[in-house]
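Notes follow the structure.
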Amino acid sequence: MGVLLEIVVRTESDARQAEQGGADRLMVVGAVDNGGMSPEPEVFARIRDAVTIGIRPMVRLRPGFSTDGGEATRLRGLMRSYSAVGADGMVMGFLNDNGDVDAHVCGALLAEGEWPWSFHRAVDSVFDADDAWPVLSTLPRLDGVITAGSARGVGHGLDELLRLAQSPAVARLIIAGGGLEAEHIPWLVRAGVRQFHVGRSARPRRDACAGVDADLVASWRRLLDSSWAHVHASTLP
């Protein structure tokens with residue numbers, strides 16, 4: 001089974017570097033500030049043509065995690081455009097006015113296709129995480145939730161991620177990301193987390209304006225694979 005490595009990219013060069021370094025999947029954004037925004041469909045199409053690995057666009061048009069009817073119409077149009085040029089899935093995450101997972105909005109957008117998808121880090125800003133995960137589990141085709149365990153990043157949320165991962169069903173969905181550090185990996189892999197999301201740490205000096213570097217991606221690949229091999233070996237009779 002192994003461990004999945006997802007890298008955040010903006011350009012064709014980013015995508016090629018990520019694939020060369022051993023990424024399994026790409027999350028494509030148009031801008032990396034405020035947690036990432038939707039890419040232009042034309043840019044997404046060029047990135048799709050540049051690589052052979054899985055690729056998912058961010059579906060988000062403004063900062064924050066809310067949306068409205070007019071914006072949802074625009075999001076549907078974007079999703080159709082992404083699907084038409086070969087998106088393997090989508091990435092989105094919306095909360096309602098009460099700070100809960102907005103299952104209504106997510107469900108309406110999910111009706112646009114049959115692709116798998118990831119819920120983005122909105123989950124780290126919910127009013128009650130223990131209420132959020134059961135709601136997420138009811139949404140169709142969800143195969144991952146990008147989360148740091150805290151809106152402040154994995155450095156603050158590691159204990160929460162480890163607590164959540166005590167449920168095998170939740171551990172299977174966790175895509176650990178958001179300030180992820182090398183020292184976090186052994187703990188998370190040992191807890192059953194099998195998906196990881198890397199953004200700035202795949203770029204020189206963790207500079208959001210710098211391009212993805214294949215050597216940095218490869219260092220994450222080696223760390224994940226060695227951690228997985230160690231855990232797997234320890235479970236053998």
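For the structure tokens, the naming scheme is as follows: chains receive sequential letters (A, B, ...) according to their order of presentation, residues are indexed from 1 within each chain, and ligands are indexed from 1 in presentation order.
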
Note to self: To test your reading of the structure, identify every residue in segment 65-209 of chain A that backbone DSSP assigns to alpha helix (DSSP H), and report it as an MDAnalysis selection string.
What the structure shows: chainID A and resid 69:84 103:110 129:137 154:164 168:173 185:191

Next item on the list: Just the residues within 12 Å of His184 of chain A, please, counting only C-alpha atoms, with nothing from its chain fewer than 5 positions along; format it as a ChimeraX atom specification.
Entry: /A:148,153-159,161-162,176-179,189-191,193,196,220,223-224,227

Generate the output file for the selected residues, N, CA and C atoms, as a PDB file, in the first residue's frame.
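Final output, saved to part_14.pdb:
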```
ATOM      1  N   ALA A 148      -4.095  19.766   9.511  1.00  0.00           N
ATOM      2  CA  ALA A 148      -2.919  19.907  10.373  1.00  0.00           C
ATOM      3  C   ALA A 148      -3.265  19.615  11.824  1.00  0.00           C
ATOM      4  N   GLY A 153      -1.273  24.960  12.322  1.00  0.00           N
ATOM      5  CA  GLY A 153      -0.309  24.068  11.698  1.00  0.00           C
ATOM      6  C   GLY A 153      -0.042  22.808  12.497  1.00  0.00           C
ATOM      7  N   VAL A 154       0.664  21.866  11.856  1.00  0.00           N
ATOM      8  CA  VAL A 154       0.924  20.567  12.478  1.00  0.00           C
ATOM      9  C   VAL A 154       1.742  20.711  13.759  1.00  0.00           C
ATOM     10  N   GLY A 155       2.602  21.714  13.820  1.00  0.00           N
ATOM     11  CA  GLY A 155       3.381  21.917  15.036  1.00  0.00           C
ATOM     12  C   GLY A 155       2.513  22.077  16.264  1.00  0.00           C
ATOM     13  N   HIS A 156       1.343  22.662  16.086  1.00  0.00           N
ATOM     14  CA  HIS A 156       0.391  22.833  17.190  1.00  0.00           C
ATOM     15  C   HIS A 156      -0.663  21.724  17.209  1.00  0.00           C
ATOM     16  N   GLY A 157      -0.849  21.052  16.080  1.00  0.00           N
ATOM     17  CA  GLY A 157      -1.945  20.099  15.976  1.00  0.00           C
ATOM     18  C   GLY A 157      -1.555  18.639  15.970  1.00  0.00           C
ATOM     19  N   LEU A 158      -0.271  18.336  16.169  1.00  0.00           N
ATOM     20  CA  LEU A 158       0.164  16.939  16.086  1.00  0.00           C
ATOM     21  C   LEU A 158      -0.583  16.046  17.064  1.00  0.00           C
ATOM     22  N   ASP A 159      -0.723  16.469  18.301  1.00  0.00           N
ATOM     23  CA  ASP A 159      -1.420  15.636  19.289  1.00  0.00           C
ATOM     24  C   ASP A 159      -2.861  15.381  18.867  1.00  0.00           C
ATOM     25  N   LEU A 161      -3.973  15.298  15.734  1.00  0.00           N
ATOM     26  CA  LEU A 161      -3.932  14.333  14.637  1.00  0.00           C
ATOM     27  C   LEU A 161      -3.752  12.914  15.167  1.00  0.00           C
ATOM     28  N   LEU A 162      -2.882  12.752  16.141  1.00  0.00           N
ATOM     29  CA  LEU A 162      -2.661  11.426  16.714  1.00  0.00           C
ATOM     30  C   LEU A 162      -3.910  10.925  17.423  1.00  0.00           C
ATOM     31  N   ALA A 176      -2.140  14.489   6.141  1.00  0.00           N
ATOM     32  CA  ALA A 176      -1.463  15.398   7.067  1.00  0.00           C
ATOM     33  C   ALA A 176      -0.706  16.469   6.293  1.00  0.00           C
ATOM     34  N   GLY A 177      -1.003  17.729   6.594  1.00  0.00           N
ATOM     35  CA  GLY A 177      -0.330  18.818   5.904  1.00  0.00           C
ATOM     36  C   GLY A 177      -0.655  20.156   6.529  1.00  0.00           C
ATOM     37  N   GLY A 178       0.242  21.101   6.300  1.00  0.00           N
ATOM     38  CA  GLY A 178       0.080  22.430   6.874  1.00  0.00           C
ATOM     39  C   GLY A 178       1.157  22.652   7.919  1.00  0.00           C
ATOM     40  N   GLY A 179       2.344  23.064   7.483  1.00  0.00           N
ATOM     41  CA  GLY A 179       3.454  23.208   8.425  1.00  0.00           C
ATOM     42  C   GLY A 179       4.070  21.882   8.819  1.00  0.00           C
ATOM     43  N   VAL A 189       2.994   8.245  10.745  1.00  0.00           N
ATOM     44  CA  VAL A 189       2.963   6.956  10.052  1.00  0.00           C
ATOM     45  C   VAL A 189       2.691   5.835  11.050  1.00  0.00           C
ATOM     46  N   ARG A 190       3.330   5.913  12.216  1.00  0.00           N
ATOM     47  CA  ARG A 190       3.106   4.900  13.253  1.00  0.00           C
ATOM     48  C   ARG A 190       1.645   4.887  13.708  1.00  0.00           C
ATOM     49  N   ALA A 191       0.995   6.056  13.665  1.00  0.00           N
ATOM     50  CA  ALA A 191      -0.406   6.159  14.092  1.00  0.00           C
ATOM     51  C   ALA A 191      -1.383   5.674  13.032  1.00  0.00           C
ATOM     52  N   VAL A 193      -1.480   7.060   9.716  1.00  0.00           N
ATOM     53  CA  VAL A 193      -1.690   8.043   8.649  1.00  0.00           C
ATOM     54  C   VAL A 193      -0.882   7.611   7.429  1.00  0.00           C
ATOM     55  N   PHE A 196       0.115  12.322   2.890  1.00  0.00           N
ATOM     56  CA  PHE A 196       0.819  13.518   3.347  1.00  0.00           C
ATOM     57  C   PHE A 196       0.824  14.579   2.250  1.00  0.00           C
ATOM     58  N   TRP A 220      11.497  14.205   0.938  1.00  0.00           N
ATOM     59  CA  TRP A 220      10.231  13.824   1.571  1.00  0.00           C
ATOM     60  C   TRP A 220       9.840  12.403   1.174  1.00  0.00           C
ATOM     61  N   LEU A 223      11.906   9.969   3.188  1.00  0.00           N
ATOM     62  CA  LEU A 223      11.502   9.958   4.592  1.00  0.00           C
ATOM     63  C   LEU A 223      10.207   9.179   4.782  1.00  0.00           C
ATOM     64  N   LEU A 224       9.240   9.413   3.914  1.00  0.00           N
ATOM     65  CA  LEU A 224       7.967   8.701   4.020  1.00  0.00           C
ATOM     66  C   LEU A 224       8.155   7.207   3.794  1.00  0.00           C
ATOM     67  N   SER A 227       9.964   5.588   6.767  1.00  0.00           N
ATOM     68  CA  SER A 227       9.081   5.501   7.938  1.00  0.00           C
ATOM     69  C   SER A 227       8.064   4.386   7.756  1.00  0.00           C
TER      70      SER A 227
END
```

Checklist line | Selection: 7 Å around segment 87-93 of chain A, only C-alpha atoms, excl. self and same-chain fewer than 4 positions, as a count of residues only | finding: 18

Next item on the list: Determine, counting only C-alpha atoms, which protein, DNA and RNA residues have an atom within 8 Å of an atom of segment 205-219 of chain A; residues of the same chain fewer than 4 positions away are not included. Present the result as number ranges by chain.
Entry: A: 7, 9, 13-15, 17-23, 32, 200-201, 223

Item checked: 7 Å contact set for Pro39 of chain A, only C-alpha atoms, chain neighbours under 5 positions out, as a ChimeraX atom specification -> /A:28-30,44,57

Would you save the residues of that selection, restricted to C-alpha atoms, as a compact mmCIF listing (two decimals), in the first residue's frame?
```txt
# COMPACT_ATOMS: atom_id res chain seq x y z
CA VAL A 28 -2.86 22.62 -8.29
CA VAL A 29 -3.49 26.16 -7.06
CA GLY A 30 -3.53 29.52 -8.78
CA PHE A 44 -4.51 23.54 -15.14
CA PRO A 57 -7.31 21.42 -8.62
```

Notebook entry, point to check: To one decimal place, how far is atom CA of Ala84 of chain A from atom CA of Glu112 of chain A in Å?
Noted result: 11.8 Å

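Ranking A:Pro168, A:Gln195, A:Val145, A:Ala129 by their shortest atom-to-atom distance to Trp228 of chain A, with only C-alpha atoms included, puts A:Gln195 first.
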
Next item on the list: Report as a list in words: the residues of segment 142-202 of chain A with a DSSP assignment of strand (DSSP E), based on the backbone of this structure.
Entry: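 Restricting segment 142-202 of chain A to strand (DSSP E) produces Leu142, Asp143, Gly144, Val145, Ile146, Thr147, Ile174, Ile175, Ala176, Gly177, Gln195, Phe196, His197 and Val198 of chain A.
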
Item checked: Atomic distance atom CA of Ala132 of chain A - atom CA of Phe94 of chain A, expressed in Å with one decimal ->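 Atom CA of Phe94 of chain A lies at a distance of 11.5 Å from atom CA of Ala132 of chain A.
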
Notebook entry, point to check: In terms of the shortest atom-to-atom distance over only C-alpha atoms, which of A:Gly77, A:Gly149, A:Arg172, A:Ser125 is closest to Ser137 of chain A?
Noted result: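 Among the listed residues, the smallest separation from Ser137 of chain A belongs to A:Arg172.
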
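Using only C-alpha atoms, the protein and nucleic acid residues lying no more than 10 Å from Leu136 of chain A, apart from those fewer than 2 places from it along its own chain, are Val101, Asp102, Ala103, Cys106, Phe119, Val123, Asp131, Ala132, Trp133, Pro134, Thr138, Leu139, Pro140, Leu142, Gly144, Val145, Val170 and Leu173 of chain A.
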
Take the selection from the previous step and output its residues with C-alpha atoms, as an mmCIF file, in the first residue's frame.
```cif
data_model
loop_
_atom_site.group_PDB
_atom_site.id
_atom_site.type_symbol
_atom_site.label_atom_id
_atom_site.label_comp_id
_atom_site.auth_asym_id
_atom_site.auth_seq_id
_atom_site.Cartn_x
_atom_site.Cartn_y
_atom_site.Cartn_z
ATOM 1 C CA VAL A 101 -18.872 21.451 7.642
ATOM 2 C CA ASP A 102 -21.243 22.742 4.959
ATOM 3 C CA ALA A 103 -22.542 19.395 3.753
ATOM 4 C CA CYS A 106 -20.337 20.270 -0.735
ATOM 5 C CA PHE A 119 -11.725 18.123 1.826
ATOM 6 C CA VAL A 123 -11.687 21.180 8.858
ATOM 7 C CA ASP A 131 -18.786 16.656 15.109
ATOM 8 C CA ALA A 132 -17.114 17.407 11.773
ATOM 9 C CA TRP A 133 -15.602 14.017 11.019
ATOM 10 C CA PRO A 134 -18.877 12.040 11.168
ATOM 11 C CA THR A 138 -21.305 10.816 4.929
ATOM 12 C CA LEU A 139 -20.129 12.754 1.864
ATOM 13 C CA PRO A 140 -19.795 10.602 -1.262
ATOM 14 C CA LEU A 142 -14.372 11.540 -0.174
ATOM 15 C CA GLY A 144 -8.953 12.348 2.039
ATOM 16 C CA VAL A 145 -9.091 15.318 4.407
ATOM 17 C CA VAL A 170 -10.423 8.625 10.291
ATOM 18 C CA LEU A 173 -8.847 9.805 5.481
#
```
